[in-house]
Structure formats: C-alpha cells, structure tokens
Amino acid sequence: MTTVALKPATMAQALTRALRDAMAADPSVHVMGEDVGTLGGVFRVTDGLAKEFGEDRCTDTPLAEAGILGTAVGMAMYGLRPVVEMQFDAFAYPAFEQLISHVARMRNRTRGAMPLPLTIRVPYGGGIGGVEHHSDSSEAYYMATPGLHVVTPATVADAYGLLRASIASDDPVVFLEPKRLYWSKDSWNPDEPQSVEPIGRAVVRRPGSSATLITYGPSVPVCLEAAEAARAEGWDLEVVDLRSLVPFDDETVAASVRRTGRAVVVHESGGYGGPGGEIAARVSERCFHHLEAPVLRVAGFDIPYPPPMLERHHLPGVDRILDAVARLQWEADN
Amino acid sequence: MTVMEQRGAYRPTPPPAWQPRTDPAPLLPDALPHRVLGTETAAQVDPDLLRRLYTELVRGRRYNTQATALTKQGRLAVYPSSTGQEACEVAAALVLEERDWLFPSYRDTLAAVARGLDPVQALTLLRGDWHTGYDPREHRIAPLCTPLATQLPHAVGLAHAARLKGDDVVALALVGDGGTSEGDFHEALNFAAVWQVPVVFLVQNNGFAISVPLDKQTAAPSLAHKAVGYGMPGRLVDGNDAAAVHEVLSDAVRHARAGGGPTLVEAVTYRIEAHTNADDATRYRGDSEVETWRAHDPIVLLEQELTARGLLDEEGIQAAREAAEAMAADLRARMNQDPVLDPMDLFAHVYAEPTPQLREQEAQLRAELAAEAEPDSAAGSESEGSGR
Ligand SMILES: Cc1ncc(C[n+]2csc(CCOP(=O)(O)OP(=O)(O)O)c2C)c(N)n1
C-alpha cells in the first residue's frame, strides 16, 4: 500500500467530484434539474459540470419536478443514466407520481426487460435555518416504496463513494444529501475515493459496549458527539451509521445490538410512521433475547417541520439522546 | 378587449429592447378538423396505403369485439375498447418507422397490435397475469400506461435522449382528452417545446373521460389550441378519417424528424362502447348521440371511399373480414389457455440484486409453496426455504 495524501474537503465538494468523475467515466451519465447548469445548483454541487461537459450533459430544465423526473425516465429507457437534482426535499413531492408509479416499478412491470438506472439527488433535512418547505426529512416515503434504493451519506468519503455507486447502480436510487453536512469538512483522499463500503452495508462509526445508537445521515455526527459526552456517565456507546435505508443491513445492526444489548434509533424525521419504528421492530425481532431494555427512538416531533427559530427544539440533540440512553437502564426501574 | 391588449394588464412593462417571441410557423390550429375522405384530396392518397389502413381497421374492430367478448368469459379482467377510435390507433402505429417509439395509454392496445405486437402479449396487463407482457425495447412500445398522461414526459425524455445520441428517432405519445388536464401533460409539452424534442402528441378526444364530457374538462376552444401556449403547432383532425389522421401524423412525424420540434395533434373521435366493460354509459349519454357517431364510423367512411374509387370490391371486403376472423380465432384459442405463472417471479424483478429482506421473503414463499405441494411432508420441505 502506498501512503496517500489526505486533504480537507467538504461533503459538497466530494459530491461534485463524484458527479464529475461519473460523467467523465461514462458518457451516458447526464445531470439535470433546476439551476444545475450556469449556477451550479443552489448548493453548488453541480458547479462547473455544464462548463466541462456542455449543456446537453448538465441541463437546466424548466421548473417542473414531475417533468424533470418523467423525462429522466424516458432518457433512462433509451439507455442514458440521468442524475436528477430535486432542489429541496419538499419540492420533490410534485414528482412523486412519476417516482412511485414509474421509476420504482419499471423493472418489475417489464419483468426485468427495462431497468431504470437513474439517481435522484435530494438535499434533505433541517438545521440550516431554512424557511418552510426547505427542511423536510422525507426518507420514510421513499423507504415505503419497493423498487427504490434509499441511501444517505454522513461522511465526505461516503458522499463520494455512495454517489458513484448510486450512479453506477442499474436500479433507481434516491440519494438523500443531508443539507447541514454539505459544508462539513473531513480529511479525504481524492485519489482513492472509492474505498467505501458498498450500498446496503452499515458501518460502525464508533465501537462501544454498553448500547448501540443506530442512526444515519445528519444525525450521525450528533450521535458521535453524544457518545463522547456519554463517556462521562460511564456509558461506552457504539454508533452504527446505516448509510443505506434500502437495502437495510440487518446483520451489522443486529450484531451490534446483540453485543451491547441495548439500542436507540436516532433520526430527525418524525417518529410516528417514521424509519425508527421499522428499525426498532427489526431489531426486536432479531435480538429479543439479547435485549436488556426496549429499543428506544429519539426522533423529531410529529409536527410539520418548524420555523427556523424553533428548529433546535425539534431536532434530536445530544441531550435528548443521553436522556434516552439513561432510560435504557430499564430493568433497574421496572 | 383582445388577448393581446389584455397582456399589458398583467405583464410588467418590458424594457425597450424586449421583444415577444414571434415564431414564423402558424401555431393556431384550424377551426374545423382536417378531413381527407370524401374530399378531392383523397384522390392523391396512395391506394395501397388506403387499402392497408382498411385491412388494419377491420382487423382492429374485430380485435376490439373479441377482447370485449373475452371479458364476458372471464378471460380478461377488464378491457377498455377502442371501437370507433380505430382510425387513430391504426394511423398512430403505421406512421412510425421501426426505430421510432410508441407511448400508448391503457386504451391503446390496438395501436400496439397494429405496430406488430403479438395480440396476446398486448393483453397481458388487462388479463392480469403480468403488468407488461413484452420487452418494450424489442418492440419500441413503452408499457401500456395506466396513470393518466404520465407516459408523455417519458416520450419526451426518450426522444430527447435519442437525439442526444444522434439517433434519428421520433416518439409518438397517445393520451385521452381527460389526460390533457393532468399536470404531466403540461410539463411534457413544455419540456418538448423548450428542448425542441422530436415527439408527437396525439390526443384522442373521444368525448368523455369515463363519464365527464369535454366541456367539463376544459374551457379551451379545442385541445389542439393548448399547443399555442407552449410554442408548438397544434393540429385538429377528424379522428374517424383514417387517411386524415395518417396525413396529419405523417406531417408531424416528418416535421419532428427534420428537427422542427414537437406537434400536438387533436383527433376528434368518439368512444362507441362504454369506458370499459365495467362501465354503464347510459348514465351519462343518450343513444341518439351514439347513433350519430355510428353513422360516422371510421370503417364505413373508408369503405365508401375505396369502393367509390373502385379500389375495393366485395371480394376485397371479404378478404379483410376473413383475415380479421383468423386473428380473432387465434386470439380466442390462445386466450382460452390458462396462463402458467411462477409465483417466485414476484421477487425476480424488484431490484437487479434482491435485497436481503427480499431474499428472506423469497425463501418464505418457496417454503410455503413446497408445503402446499406436499401437504403430508411439510416438515421435510423446510430445508428448501434456505434460498439460493
Ligand atoms: C392519474 C389518474 N387518475 C385517475 C385515473 C382513473 N381513470 C382511468 S381512465 C380515466 C378517464 C380517462 O379519460 P381520457 O383521458 O379522456 O381517456 P379515455 O378513457 O377517454 O381514453 C380515469 C379518470 C387514472 N387512470 N389515472
């Protein structure tokens, strides 16, 4: 192994690099969406692509999400690999008809004759002080739709690796980009950027022995912070970053919980009907005899995403996670 | 106040350099639907084309009646008949080159069959044995589309992709009058016009969306008028005049192939049968209206033209009917065989690689099936559930 030079990079830069490398490697990769061309996207993730690859490969579309995704379906039917940008989480909803009725089931309804290799990038989640409709966590809707892969990176390396893998996938992938991590920096090796776990694998971000925090996307750094803070209380927390919500890595999650005997699922979307319920049920089914306490959830409240001045009360933070961890001393109280 | 005068009322005053877009091509459709049959133009149409259209219309009508009969025998779950609309269906199929693509709605089985698809494969969706009974790429026919108007952006995207690849491909997309009210219709037309995509939209205005008549669907003077706002030509055509539909669509396809961009064609036609076999059309329309349209039947119109011109005699008519009967007999025979389905197919095509969760469920079903097959030795079949 040669030693590699690590450089600081933001998640946004890694995403841009992933798009660029994918377009350079495969002429059938096309980027399209609102403002992705000249402007480079409102988060600048597509910066420079139109200049480098031309407007036919990185296209400013009319302002119409169903139209963007619907035309991308047709392009994929003809052998292209469209990468669609939905400008913000809540603005993807007009495209749901296309997503659910066509994108997710084209392979299935044609009995494998017509796969749709397309990637839908959705900046999602709160914590950036956005006004209404700019902070939704919509992952549960996508997870509930068979035929879609749903992935979400939490690190700079994963942002690159998972996006490359999504674009290379022969199935449609909803690629959820945690907005508030766009500017998070990490030391990253741009020369060997693909050495990440593939789609469908969770990774242990921090090993621990007293309980497992199961989380993904924007909540990963929060959980890592909580794990650090918990040391003072004598808790050694393991943090599992799911990375992929569909497919779901039951093995890694169950192995961790069997080891620690306790689990808390952490995410910022609402808890009721949210991903945490599914995850907690899966853990209970697999680890019942290893569990020392019920699987707990720390989620956003079951409310429409609040205005920015109140969002800190909504988002699961370190304290709420530590409260849940305290509640894991279950048998002592019962 | 005219529309032009009104503009200033809601548009901010543009700076002096601003000019409205004025395309040289006339965008406004004709006031009356274009007709060929029964006019002097008919003499200029290739007699072979007219005879081909005739044979296909007769076959198409027979296909419609046979499929409807199959619903009564429980062989088809549902059938939305295109009786009365065969001219649109057939012309749509015949104007396309082999490399072109057809994007049908759920009613357009006939267009797919006229394009050469096996009649049984075309009915797979409606029979209920699978969603799409053919490989869309092989036939260049997109899956019959049930959600209204959602196939239109696909057609735009596909034609756009083909042009980006340098392929000389046109997409023709079919939609009903009701479908034009959907947002996807608007978005597809807008994308097509902005990107100047080689695509043709054919609206089969058959008067009703299930029970809702056109005047409750739109306030536009015609559906073809909708093209104007997008900056593309709109054409209005008699949808029961096979030669006219063929001519207008051919123009539009040629225009698209030559780089001229999209066209919206509205074919004025009528749905003679109910919406589907499950619908009761007497609740929303009277017999006299249906009878008026029967008198304007696409097959009768073409038959009159051909016989008047001496291009068709009793023998020719008989030959067309016999060909149609043969198709119907074959369809009947093959549809009367029970389809053999493999339940494991449920998991075969959800993802390229089944997820671990699907593998578990696959194993569960395999075990259930094994237990069903051998009820006495259910315990012994457990090991079969371990998957691949
Ligand atoms: C998005 C959507 N909404 C509702 C329906 C239910 N539906 C099926 S056919 C139909 C009427 C369609 O009318 P039109 O577009 O005129 O086509 P036609 O049936 O006359 O061929 C409706 C409402 C549907 N298929 N898709």
# chains A, B, ... in the order shown; residues from 1 in each chain; ligands from 1
call {"tool": "interface_residues", "arguments": {"of": "chain A", "to": "chain B", "cutoff": "6 Å", "atoms": "only C-alpha atoms", "output": "list in words"}}
result
Gly67, Gly70, Thr71, Ala72, Val73, Gly74, Met75, Tyr78, Asn108, Arg109, Thr110, Arg111, Gly112, Ala113, Gly147 and Pro247 of chain A
call {"tool": "write_last_selection", "arguments": {"atoms": "C-alpha atoms", "output": "JSON list (two decimals), in the first residue's frame"}}
result
[["chain", "number", "residue", "atom", "x", "y", "z"],
["A", 67, "GLY", "CA", -41.35, 16.85, -15.86],
["A", 70, "GLY", "CA", -40.64, 11.98, -16.12],
["A", 71, "THR", "CA", -38.26, 12.98, -18.91],
["A", 72, "ALA", "CA", -35.42, 11.32, -16.99],
["A", 73, "VAL", "CA", -37.45, 8.10, -17.09],
["A", 74, "GLY", "CA", -37.64, 8.33, -20.87],
["A", 75, "MET", "CA", -33.94, 9.09, -21.11],
["A", 78, "TYR", "CA", -33.18, 4.91, -24.05],
["A", 108, "ASN", "CA", -40.70, -5.07, -12.17],
["A", 109, "ARG", "CA", -43.55, -4.42, -14.58],
["A", 110, "THR", "CA", -41.38, -5.26, -17.59],
["A", 111, "ARG", "CA", -40.06, -8.41, -15.90],
["A", 112, "GLY", "CA", -36.54, -7.17, -15.93],
["A", 113, "ALA", "CA", -36.54, -6.07, -19.57],
["A", 147, "GLY", "CA", -38.13, -0.78, -6.14],
["A", 247, "PRO", "CA", -31.49, -2.26, 1.35]]
call {"tool": "residues_around", "arguments": {"residues": "region 209-219 of chain A", "least_positions_apart": "2", "cutoff": "7 Å", "atoms": "only C-alpha atoms", "output": "compact mmCIF listing (two decimals) with N, CA and C atoms, in the first residue's frame"}}
result
# COMPACT_ATOMS: atom_id res chain seq x y z
N THR A 152 -28.03 7.48 2.15
CA THR A 152 -27.73 8.81 2.67
C THR A 152 -26.36 8.81 3.34
N PRO A 153 -25.45 9.62 2.83
CA PRO A 153 -24.10 9.64 3.40
C PRO A 153 -24.03 10.53 4.63
N ALA A 154 -23.07 10.22 5.48
CA ALA A 154 -22.83 11.08 6.64
C ALA A 154 -21.39 11.59 6.66
N PRO A 178 -27.71 15.12 3.24
CA PRO A 178 -28.01 15.91 4.45
C PRO A 178 -27.50 17.33 4.28
N ARG A 180 -27.31 19.90 6.10
CA ARG A 180 -26.46 20.58 7.08
C ARG A 180 -25.07 19.98 7.16
N LEU A 181 -24.84 18.90 6.40
CA LEU A 181 -23.48 18.36 6.35
C LEU A 181 -22.73 18.76 5.08
N PRO A 221 -23.22 12.69 13.09
CA PRO A 221 -22.31 13.48 13.93
C PRO A 221 -22.89 13.78 15.31
N VAL A 222 -24.22 13.95 15.37
CA VAL A 222 -24.85 14.23 16.66
C VAL A 222 -24.68 13.03 17.58
N CYS A 223 -24.85 11.84 17.03
CA CYS A 223 -24.71 10.63 17.84
C CYS A 223 -23.25 10.43 18.29
N TRP A 235 -20.94 5.45 30.14
CA TRP A 235 -21.51 4.70 29.04
C TRP A 235 -20.53 4.66 27.87
N ASP A 236 -20.36 3.47 27.33
CA ASP A 236 -19.50 3.32 26.16
C ASP A 236 -20.40 2.99 24.97
N LEU A 237 -20.76 4.00 24.20
CA LEU A 237 -21.78 3.82 23.16
C LEU A 237 -21.17 3.44 21.81
N GLU A 238 -21.82 2.51 21.17
CA GLU A 238 -21.45 2.17 19.79
C GLU A 238 -22.36 2.97 18.86
N VAL A 239 -21.78 3.49 17.78
CA VAL A 239 -22.60 4.26 16.83
C VAL A 239 -22.58 3.54 15.48
N VAL A 240 -23.77 3.12 15.03
CA VAL A 240 -23.88 2.47 13.73
C VAL A 240 -24.48 3.46 12.73
N ASP A 241 -23.75 3.72 11.66
CA ASP A 241 -24.24 4.59 10.58
C ASP A 241 -24.84 3.68 9.50
N LEU A 242 -26.13 3.79 9.30
CA LEU A 242 -26.80 2.86 8.37
C LEU A 242 -26.36 3.07 6.91
N ARG A 243 -26.15 4.32 6.50
CA ARG A 243 -25.71 4.66 5.14
C ARG A 243 -26.74 4.32 4.07
N SER A 256 -24.42 -5.70 16.28
CA SER A 256 -24.06 -4.68 17.25
C SER A 256 -24.96 -4.75 18.48
N VAL A 257 -26.27 -4.83 18.24
CA VAL A 257 -27.20 -4.82 19.37
C VAL A 257 -27.05 -6.09 20.22
N ARG A 259 -24.35 -7.52 20.77
CA ARG A 259 -23.15 -7.27 21.57
C ARG A 259 -23.45 -6.35 22.75
N THR A 260 -24.20 -5.30 22.47
CA THR A 260 -24.38 -4.28 23.51
C THR A 260 -25.65 -4.51 24.34
N GLY A 261 -26.64 -5.18 23.74
CA GLY A 261 -27.87 -5.48 24.48
C GLY A 261 -28.84 -4.32 24.61
N ARG A 262 -28.48 -3.18 24.08
CA ARG A 262 -29.37 -2.02 24.19
C ARG A 262 -29.27 -1.19 22.91
N ALA A 263 -30.38 -0.58 22.53
CA ALA A 263 -30.34 0.20 21.28
C ALA A 263 -31.25 1.42 21.33
N VAL A 264 -30.77 2.49 20.71
CA VAL A 264 -31.58 3.69 20.50
C VAL A 264 -31.47 4.05 19.02
N VAL A 265 -32.62 4.26 18.38
CA VAL A 265 -32.60 4.70 16.99
C VAL A 265 -32.75 6.22 16.99
N VAL A 266 -31.89 6.88 16.24
CA VAL A 266 -31.91 8.35 16.24
C VAL A 266 -32.08 8.87 14.81
N HIS A 267 -33.10 9.67 14.61
CA HIS A 267 -33.23 10.38 13.33
C HIS A 267 -34.06 11.63 13.53
N GLU A 268 -33.97 12.55 12.58
CA GLU A 268 -34.67 13.81 12.79
C GLU A 268 -36.05 13.86 12.16
call {"tool": "residues_around", "arguments": {"residues": "Gly40 (chain A)", "least_positions_apart": "3", "cutoff": "10 Å", "atoms": "only C-alpha atoms", "output": "NGL selection string"}}
result
:A and (16 or 34-37 or 43-51 or 58 or 60)
call {"tool": "closest_atom_pairs", "arguments": {"of": "chain A", "to": "ligand 1", "cutoff": "12 Å", "atoms": "only C-alpha atoms and all ligand atoms", "output": "tab-separated table"}}
result
residue	atom	partner	partner_atom_place_in_ligand_line	distance
A:Phe96	CA	ligand 1	1 (C)	11.8
A:Glu97	CA	ligand 1	1 (C)	8.3
A:Gln98	CA	ligand 1	1 (C)	10.3
A:Ile100	CA	ligand 1	1 (C)	12.0
A:Ser101	CA	ligand 1	1 (C)	9.6
call {"tool": "residues_around", "arguments": {"residues": "Gly200 (chain A)", "least_positions_apart": "6", "cutoff": "6 Å", "atoms": "only C-alpha atoms", "output": "VMD selection string"}}
result
chain A and resid 244 247 to 249
